[in-house]
Amino acid sequence: MMDLLGINPVLLIASLMVSATPILLAAIGETVVEKSGVLNLGVEGMMIVGAVVGFITAVNTANPAIGFVTAAIAGALLSTIFATLVLYLKSNQVATGLGLTLVGLGISALLGKPYEGIKSPTLQSLDIPILSDIPIIGHMLFSHDAMVYVSILIVGLVWYTLKYTRVGLVLRAVGENHDAAHALGYKVIHIRFLAIMFGGACSGLGGAYISLVRVPQWTEGMTAGAGWIALAIVVFASWKPWRTLIGAYLFGGITVLQLNLQAAGVAIPVEYLSMSPFLITIAVLVIISARGNQGAPASLGRPFHASN
Amino acid sequence: MKLKSILTSAIAAFALGTAAIAADIKVGFVYVGPVGDGGWTYEHDQGRKAVVEAFGDRVETIYQESVPEGADSERVMTQMALQGADLIFTTSFGYMDPTINVAKKFPNVKFEHATGYKRADNVSTYSARFYEGRAVQGHIAGKMTKTNKIGYIGSFPIPEVIRGINSAYIHAKKVNPDVEFNIVWAYTWFDPAKEADAANALIEQGCDVVLQHTDSTAPQAAAEKAGNVITFGQASDMAEFGPLPRVSSIIDDWGPYYVARTQAVLDGTWTSTDTWDGIGPGMVKIGEISSAVPADIKAEAEALRDALGSGEYHAFTGPLNKQDGTPWLAAGETADDGTLAGMNFYVEGLTGKIPQ
């Protein structure tokens with residue numbers, strides 16, 4: 001097995017995919033929300049609620065798959081509070097999203113109290129037949145738990161839907177110019193409501209991945225800012241689904257890489273390693289913005305009222 | 001109109017309600033993580049509960065969780081002081097300068113800063129000699145490791161953490177000359193996902209013992225998932241991860257100190273002090289050594305604990321050299337508190353550099 005600087009690249013890429021999956025799930029959900037013209041800053045709150053609800057149901061049913069399903073439902077339900085406030089009551093999206101994060105952190109701390117220190121059933125890795133037997137690549141790419149592949153599948157579906165389907169076209173139209181979409185007879189509010197719920201479900205899945213696979217346990221406040229990184233990755237990816245995948249894997253990858261380099265005792269100053277994920281993010285953002293059009297939906301963050 | 005009158009009466013009722021339970025003094029706590037972290041902040045909150053238990057209605061306690069170290073903590077402390085807190089415990093190293101700054105503005109409020117070294121007339125410092133517990137962990141780790149590779153998750157390169165690494169290494173090396181330490185700096189006190197990643201990185205490097213100086217139980221869960229790895233509870237017992245991977249723990253017991261300091265404020269006898277207590281006075285406790293540790297190793301570890309507690313043995317006893325080979329302590333000489341409080345060097349044998 002080849003070793004680079006004392007690190008096994010196979011294990012590195014394997015742990016990179018695990019480390020990036022929560023932020024990838026949340027980021028792809030938020031991409032859809034923002035494509036519909038809504039900015040939901042409550043990703044962190046929906047993630048943590050997904051983490052706690054997924055954990056509670058997985059423990060009680062001894063079935064992590066049910067945990068993921070309920071986490072998605074919980075995330076979607078929480079997002080309906082946000083959707084109702086911003087779409088029907090026209091509240092400020094930024095303030096409401098921040099509020100949603102606080103609500104989510106509070107609710108999750110309350111719900112999770114009895115579950116601290118309890119062990120959860122975790123997802124088994126799939127070891128896809130034939131593919132996982134391929135030397136090196138098999139262990140690297142094809143021996144993960146199902147959610148890693150589900151997250152990539154969701155990215156693919158979102159990309160296909162936005163790019164090639166009528167539903168995707170309508171969603172983008174609503175996000176680019178809601179007045180025009182409304183004039184054409186599309187139900188702007190309904191479409192946005194569903195997009196927000198999709199975002200909530202994805203965030204819930206991302207949160208549950210942290211509490212059921214990546215850590216796996218429940219600790220209060222355990223998402224520790226992953227939701228904010230997901231929001232940054234949406235911008236980093238210029239609202240493009242596959243770039244979200246690249247962004248999440250890059251960020252997750254550098255984070256894991258720097259920990260591995262330290263563990264392997266590579267003589268690179270730790271300060272540089274620790275700041276590297278953020279430096280690279282800034283560098284990419286600069287390159288993207290230097291190219292002009294960043295691809296932000298034109299109606300992003302603007303409230304819609306049919307009378308306008 | 002009606003709503004307004006309801007609100008007014010509600011506020012009046014609330015004011016009356018709070019007036020009725022007005023306590024003699026108000027004690028504030030500033031926490032770096034959530035009270036449910038299962039480690040550091042959890043134990044500080046147990047200390048707060050001990051205050052509630054000891055004084056009942058005479059003392060009102062308030063606390064704020066997950067306060068970032070740095071400028072934001074000044075806002076929280078200021079707010080507590082403005083709310084009428086008489087005594088404020090700031091429970092993380094990074095609150096040091098903010099505590100001093102806010103204390104200047106509120107000369108009548110007493111402040112207590114944990115693990116720092118800056119004091120003022122109304123600022124005390126207090127800490128526990130965690131390094132004594134690290135000596136016991138190092139002994140067990142050195143005896144138990146099969147790969148001779150011990151992983152250590154550091155939070156920030158501050159004296160408190162460096163002391164722990166040195167103490168654990170000295171005592172592991174003493175019982176196992178082949179032992180190596182792999183140190184990862186996580187640059188966080190509390191981030192379960194990152195702590196788990198750090199533990200996994202160390203385990204992938206072949207470490208079969210993982211020591212942590214971060215606050216959550218995530219590394220314990222990671223070790224349990226990996227199997228054949230042992231860990232130690234940090235700041236709190238973390239007994240739920242025993243008998244394996246958690247084989248023992250360092251438990252911080254802040255309750256008696258918090259009660260004594262609150263009593264001092266009530267009595268008007270509070271003065272600025274510097275407290276640094278270890279196993280002897282009970283501020284540091286060693287959690288039960290689990291059945292996964294062979295009886296002879298357990299007995300040795302307990303003997304070490306007792307010797308540290310009685311003061312008959314000091315965790316930093318010479319001969320010891322610094323990492324670069326320069327002599328530090330001569331044979332039989334023990335480290336003075338000043339050097340320990342500002343410790344910014346590794347002892348001989350540790351590899352890697354301390355980030356500056």
# chains A, B, ... in the order shown; residues from 1 in each chain; ligands from 1

$ closest_atom_pairs --of "stretch 220-253 of chain A" --to "stretch 42-47 of chain A" --cutoff "12 Å" --atoms "only C-alpha atoms" --output "CSV"
residue,atom,partner,partner_atom,distance
A:Gly221,CA,A:Gly45,CA,9.7
A:Met222,CA,A:Met47,CA,9.8
A:Thr223,CA,A:Met47,CA,7.1
A:Ala224,CA,A:Glu44,CA,8.3
A:Gly225,CA,A:Glu44,CA,6.6
A:Ala226,CA,A:Glu44,CA,6.7
A:Gly227,CA,A:Glu44,CA,4.0
A:Trp228,CA,A:Glu44,CA,6.5
A:Ile229,CA,A:Glu44,CA,9.2
A:Ala230,CA,A:Val43,CA,7.8
A:Leu231,CA,A:Val43,CA,7.5
A:Ala232,CA,A:Val43,CA,11.1
A:Val234,CA,A:Val43,CA,11.6

$ interface_residues --of "chain B" --to "chain A" --cutoff "8 Å" --atoms "only C-alpha atoms" --output "number ranges by chain"
B: 34-38, 151, 182-187, 190-193, 196-198, 201-202, 204-205, 216-219, 221-222, 238, 240-241, 351-353, 355

$ write_last_selection --atoms "N, CA and C atoms" --output "compact mmCIF listing (two decimals), in the first residue's frame"
# COMPACT_ATOMS: atom_id res chain seq x y z
N PRO B 34 -21.92 23.63 25.91
CA PRO B 34 -23.24 23.39 26.48
C PRO B 34 -23.13 22.59 27.79
N VAL B 35 -24.09 22.77 28.69
CA VAL B 35 -24.01 22.05 29.97
C VAL B 35 -24.15 20.55 29.77
N GLY B 36 -24.65 20.17 28.58
CA GLY B 36 -24.80 18.74 28.32
C GLY B 36 -23.62 18.15 27.56
N ASP B 37 -22.44 18.76 27.63
CA ASP B 37 -21.32 18.23 26.84
C ASP B 37 -20.78 16.92 27.40
N GLY B 38 -21.17 16.61 28.64
CA GLY B 38 -20.71 15.35 29.23
C GLY B 38 -19.28 15.43 29.74
N GLY B 151 -2.14 8.18 21.23
CA GLY B 151 -2.65 9.39 20.59
C GLY B 151 -3.13 10.38 21.63
N ASN B 182 1.58 10.57 19.61
CA ASN B 182 1.16 11.32 18.43
C ASN B 182 0.16 12.38 18.90
N ILE B 183 0.48 13.63 18.66
CA ILE B 183 -0.35 14.70 19.19
C ILE B 183 -1.07 15.42 18.06
N VAL B 184 -2.38 15.58 18.20
CA VAL B 184 -3.17 16.33 17.22
C VAL B 184 -3.80 17.52 17.93
N TRP B 185 -3.60 18.71 17.37
CA TRP B 185 -4.24 19.91 17.93
C TRP B 185 -5.54 20.15 17.18
N ALA B 186 -6.65 20.14 17.92
CA ALA B 186 -7.95 20.30 17.26
C ALA B 186 -8.36 21.76 17.16
N TYR B 187 -7.70 22.64 17.92
CA TYR B 187 -8.06 24.06 17.96
C TYR B 187 -9.54 24.27 18.22
N PHE B 190 -14.78 22.28 21.97
CA PHE B 190 -15.98 21.47 21.82
C PHE B 190 -16.43 21.45 20.37
N ASP B 191 -16.23 20.35 19.67
CA ASP B 191 -16.76 20.14 18.34
C ASP B 191 -16.76 18.63 18.13
N PRO B 192 -17.86 17.97 18.54
CA PRO B 192 -17.86 16.50 18.55
C PRO B 192 -17.40 15.87 17.23
N ALA B 193 -17.85 16.44 16.10
CA ALA B 193 -17.49 15.82 14.83
C ALA B 193 -15.98 15.90 14.60
N ALA B 196 -14.12 13.59 16.90
CA ALA B 196 -14.21 12.21 16.42
C ALA B 196 -13.24 11.99 15.26
N ASP B 197 -13.18 12.98 14.35
CA ASP B 197 -12.25 12.88 13.21
C ASP B 197 -10.80 12.78 13.71
N ALA B 198 -10.49 13.59 14.73
CA ALA B 198 -9.12 13.58 15.26
C ALA B 198 -8.81 12.21 15.87
N ALA B 201 -8.24 9.76 13.08
CA ALA B 201 -6.94 9.96 12.43
C ALA B 201 -5.84 9.29 13.26
N LEU B 202 -5.93 9.43 14.58
CA LEU B 202 -4.92 8.82 15.46
C LEU B 202 -5.01 7.30 15.43
N GLU B 204 -6.17 5.49 12.99
CA GLU B 204 -5.65 5.03 11.70
C GLU B 204 -4.12 5.01 11.67
N GLN B 205 -3.52 5.87 12.49
CA GLN B 205 -2.05 5.89 12.57
C GLN B 205 -1.51 4.78 13.46
N SER B 216 -15.88 16.98 24.70
CA SER B 216 -17.04 16.12 24.47
C SER B 216 -16.66 14.65 24.54
N THR B 217 -17.67 13.80 24.52
CA THR B 217 -17.43 12.36 24.60
C THR B 217 -17.23 11.74 23.22
N ALA B 218 -17.15 12.58 22.17
CA ALA B 218 -17.03 12.05 20.81
C ALA B 218 -15.82 11.12 20.61
N PRO B 219 -14.64 11.46 21.15
CA PRO B 219 -13.51 10.54 20.95
C PRO B 219 -13.76 9.17 21.58
N ALA B 221 -16.69 7.71 21.71
CA ALA B 221 -17.56 6.99 20.78
C ALA B 221 -16.77 6.49 19.57
N ALA B 222 -15.83 7.32 19.10
CA ALA B 222 -15.01 6.92 17.95
C ALA B 222 -14.15 5.70 18.30
N MET B 238 -17.47 10.08 32.38
CA MET B 238 -17.80 9.43 31.10
C MET B 238 -17.95 7.92 31.29
N GLU B 240 -20.31 6.01 31.10
CA GLU B 240 -21.16 5.27 30.17
C GLU B 240 -20.35 4.59 29.06
N PHE B 241 -19.07 4.99 28.91
CA PHE B 241 -18.25 4.35 27.89
C PHE B 241 -17.34 3.26 28.48
N THR B 351 8.03 14.16 20.31
CA THR B 351 8.38 14.65 18.98
C THR B 351 7.39 15.74 18.58
N GLY B 352 7.71 16.44 17.53
CA GLY B 352 6.83 17.51 17.07
C GLY B 352 7.09 18.79 17.82
N LYS B 353 6.52 19.87 17.28
CA LYS B 353 6.73 21.18 17.89
C LYS B 353 5.41 21.67 18.47
N PRO B 355 2.79 24.34 18.61
CA PRO B 355 2.45 25.51 17.78
C PRO B 355 2.57 26.78 18.63

$ residues_around --residues "B:Asp24" --least-positions-apart "2" --cutoff "9 Å" --atoms "only C-alpha atoms" --output "count of residues only"
7

$ atom_distance --atom1 "atom CA of A:Ala72" --atom2 "atom CA of A:Ile128"
24.9 Å

$ closest_residue --among "A:Val59, A:Ala195, A:Ala283, A:Ile107" --to "A:Phe82" --atoms "only C-alpha atoms"
A:Ala195

$ select_by_dssp --residues "stretch 123-190 of chain A" --states "helix (DSSP H, G or I)" --output "ChimeraX atom specification"
/A:131-133,137-141,146-164,166-176,178-183,188-190

$ write_last_selection --atoms "C-alpha atoms" --output "PDB file, in the first residue's frame"
ATOM      1  CA  LEU A 131     -16.925  -3.078  -6.760  1.00  0.00           C
ATOM      2  CA  SER A 132     -15.725  -3.178  -3.168  1.00  0.00           C
ATOM      3  CA  ASP A 133     -13.376  -6.033  -4.058  1.00  0.00           C
ATOM      4  CA  ILE A 137     -10.445   1.900  -5.028  1.00  0.00           C
ATOM      5  CA  GLY A 138     -12.857  -0.645  -3.624  1.00  0.00           C
ATOM      6  CA  HIS A 139     -12.057   0.196  -0.047  1.00  0.00           C
ATOM      7  CA  MET A 140     -11.734   3.878  -0.825  1.00  0.00           C
ATOM      8  CA  LEU A 141     -15.012   4.450  -2.629  1.00  0.00           C
ATOM      9  CA  ALA A 146     -25.630   3.805   2.452  1.00  0.00           C
ATOM     10  CA  MET A 147     -26.041   7.473   3.373  1.00  0.00           C
ATOM     11  CA  VAL A 148     -22.789   8.433   1.651  1.00  0.00           C
ATOM     12  CA  TYR A 149     -24.241   7.151  -1.623  1.00  0.00           C
ATOM     13  CA  VAL A 150     -27.681   8.584  -0.887  1.00  0.00           C
ATOM     14  CA  SER A 151     -26.105  12.021  -0.491  1.00  0.00           C
ATOM     15  CA  ILE A 152     -24.363  11.742  -3.862  1.00  0.00           C
ATOM     16  CA  LEU A 153     -27.590  10.444  -5.393  1.00  0.00           C
ATOM     17  CA  ILE A 154     -29.482  13.462  -4.034  1.00  0.00           C
ATOM     18  CA  VAL A 155     -26.895  15.778  -5.604  1.00  0.00           C
ATOM     19  CA  GLY A 156     -27.370  14.009  -8.935  1.00  0.00           C
ATOM     20  CA  LEU A 157     -31.150  14.179  -8.706  1.00  0.00           C
ATOM     21  CA  VAL A 158     -31.109  17.869  -7.809  1.00  0.00           C
ATOM     22  CA  TRP A 159     -28.762  18.590 -10.706  1.00  0.00           C
ATOM     23  CA  TYR A 160     -30.910  16.657 -13.166  1.00  0.00           C
ATOM     24  CA  THR A 161     -34.151  18.149 -11.889  1.00  0.00           C
ATOM     25  CA  LEU A 162     -32.919  21.735 -11.959  1.00  0.00           C
ATOM     26  CA  LYS A 163     -31.309  21.390 -15.352  1.00  0.00           C
ATOM     27  CA  TYR A 164     -33.525  19.090 -17.392  1.00  0.00           C
ATOM     28  CA  ARG A 166     -39.991  21.343 -16.108  1.00  0.00           C
ATOM     29  CA  VAL A 167     -40.223  21.356 -12.312  1.00  0.00           C
ATOM     30  CA  GLY A 168     -36.638  22.554 -12.142  1.00  0.00           C
ATOM     31  CA  LEU A 169     -37.266  25.253 -14.724  1.00  0.00           C
ATOM     32  CA  VAL A 170     -40.278  26.543 -12.809  1.00  0.00           C
ATOM     33  CA  LEU A 171     -38.297  26.518  -9.544  1.00  0.00           C
ATOM     34  CA  ARG A 172     -35.492  28.499 -11.119  1.00  0.00           C
ATOM     35  CA  ALA A 173     -37.968  30.934 -12.681  1.00  0.00           C
ATOM     36  CA  VAL A 174     -39.485  31.579  -9.260  1.00  0.00           C
ATOM     37  CA  GLY A 175     -36.031  32.217  -7.847  1.00  0.00           C
ATOM     38  CA  GLU A 176     -34.895  34.479 -10.663  1.00  0.00           C
ATOM     39  CA  HIS A 178     -40.950  35.820  -8.862  1.00  0.00           C
ATOM     40  CA  ASP A 179     -43.158  38.506 -10.370  1.00  0.00           C
ATOM     41  CA  ALA A 180     -42.726  37.108 -13.859  1.00  0.00           C
ATOM     42  CA  ALA A 181     -43.285  33.569 -12.590  1.00  0.00           C
ATOM     43  CA  HIS A 182     -46.426  34.727 -10.824  1.00  0.00           C
ATOM     44  CA  ALA A 183     -47.655  36.490 -13.965  1.00  0.00           C
ATOM     45  CA  VAL A 188     -44.720  31.166  -6.137  1.00  0.00           C
ATOM     46  CA  ILE A 189     -45.584  30.657  -2.473  1.00  0.00           C
ATOM     47  CA  HIS A 190     -46.423  26.946  -2.874  1.00  0.00           C
TER      48      HIS A 190
END

$ closest_residue --among "B:Ile162, B:Ala71, B:Ala81, B:Leu308" --to "B:Phe29" --atoms "only C-alpha atoms"
B:Ala81

$ residues_around --residues "B:Ile279" --least-positions-apart "2" --cutoff "7 Å" --atoms "only C-alpha atoms" --output "compact mmCIF listing (two decimals) with C-alpha atoms, in the first residue's frame"
# COMPACT_ATOMS: atom_id res chain seq x y z
CA GLU B 132 -1.64 14.73 38.49
CA PRO B 281 -7.72 18.37 48.33
CA GLY B 282 -10.13 16.49 46.02
CA MET B 283 -10.45 18.99 43.17
CA VAL B 284 -9.11 16.30 40.85
CA LYS B 285 -10.54 12.83 41.20
CA LEU B 308 0.34 12.16 44.31
CA GLY B 309 -2.55 12.87 46.66

$ atom_distance --atom1 "atom CA of B:Thr61" --atom2 "atom CA of B:Val27"
4.7 Å
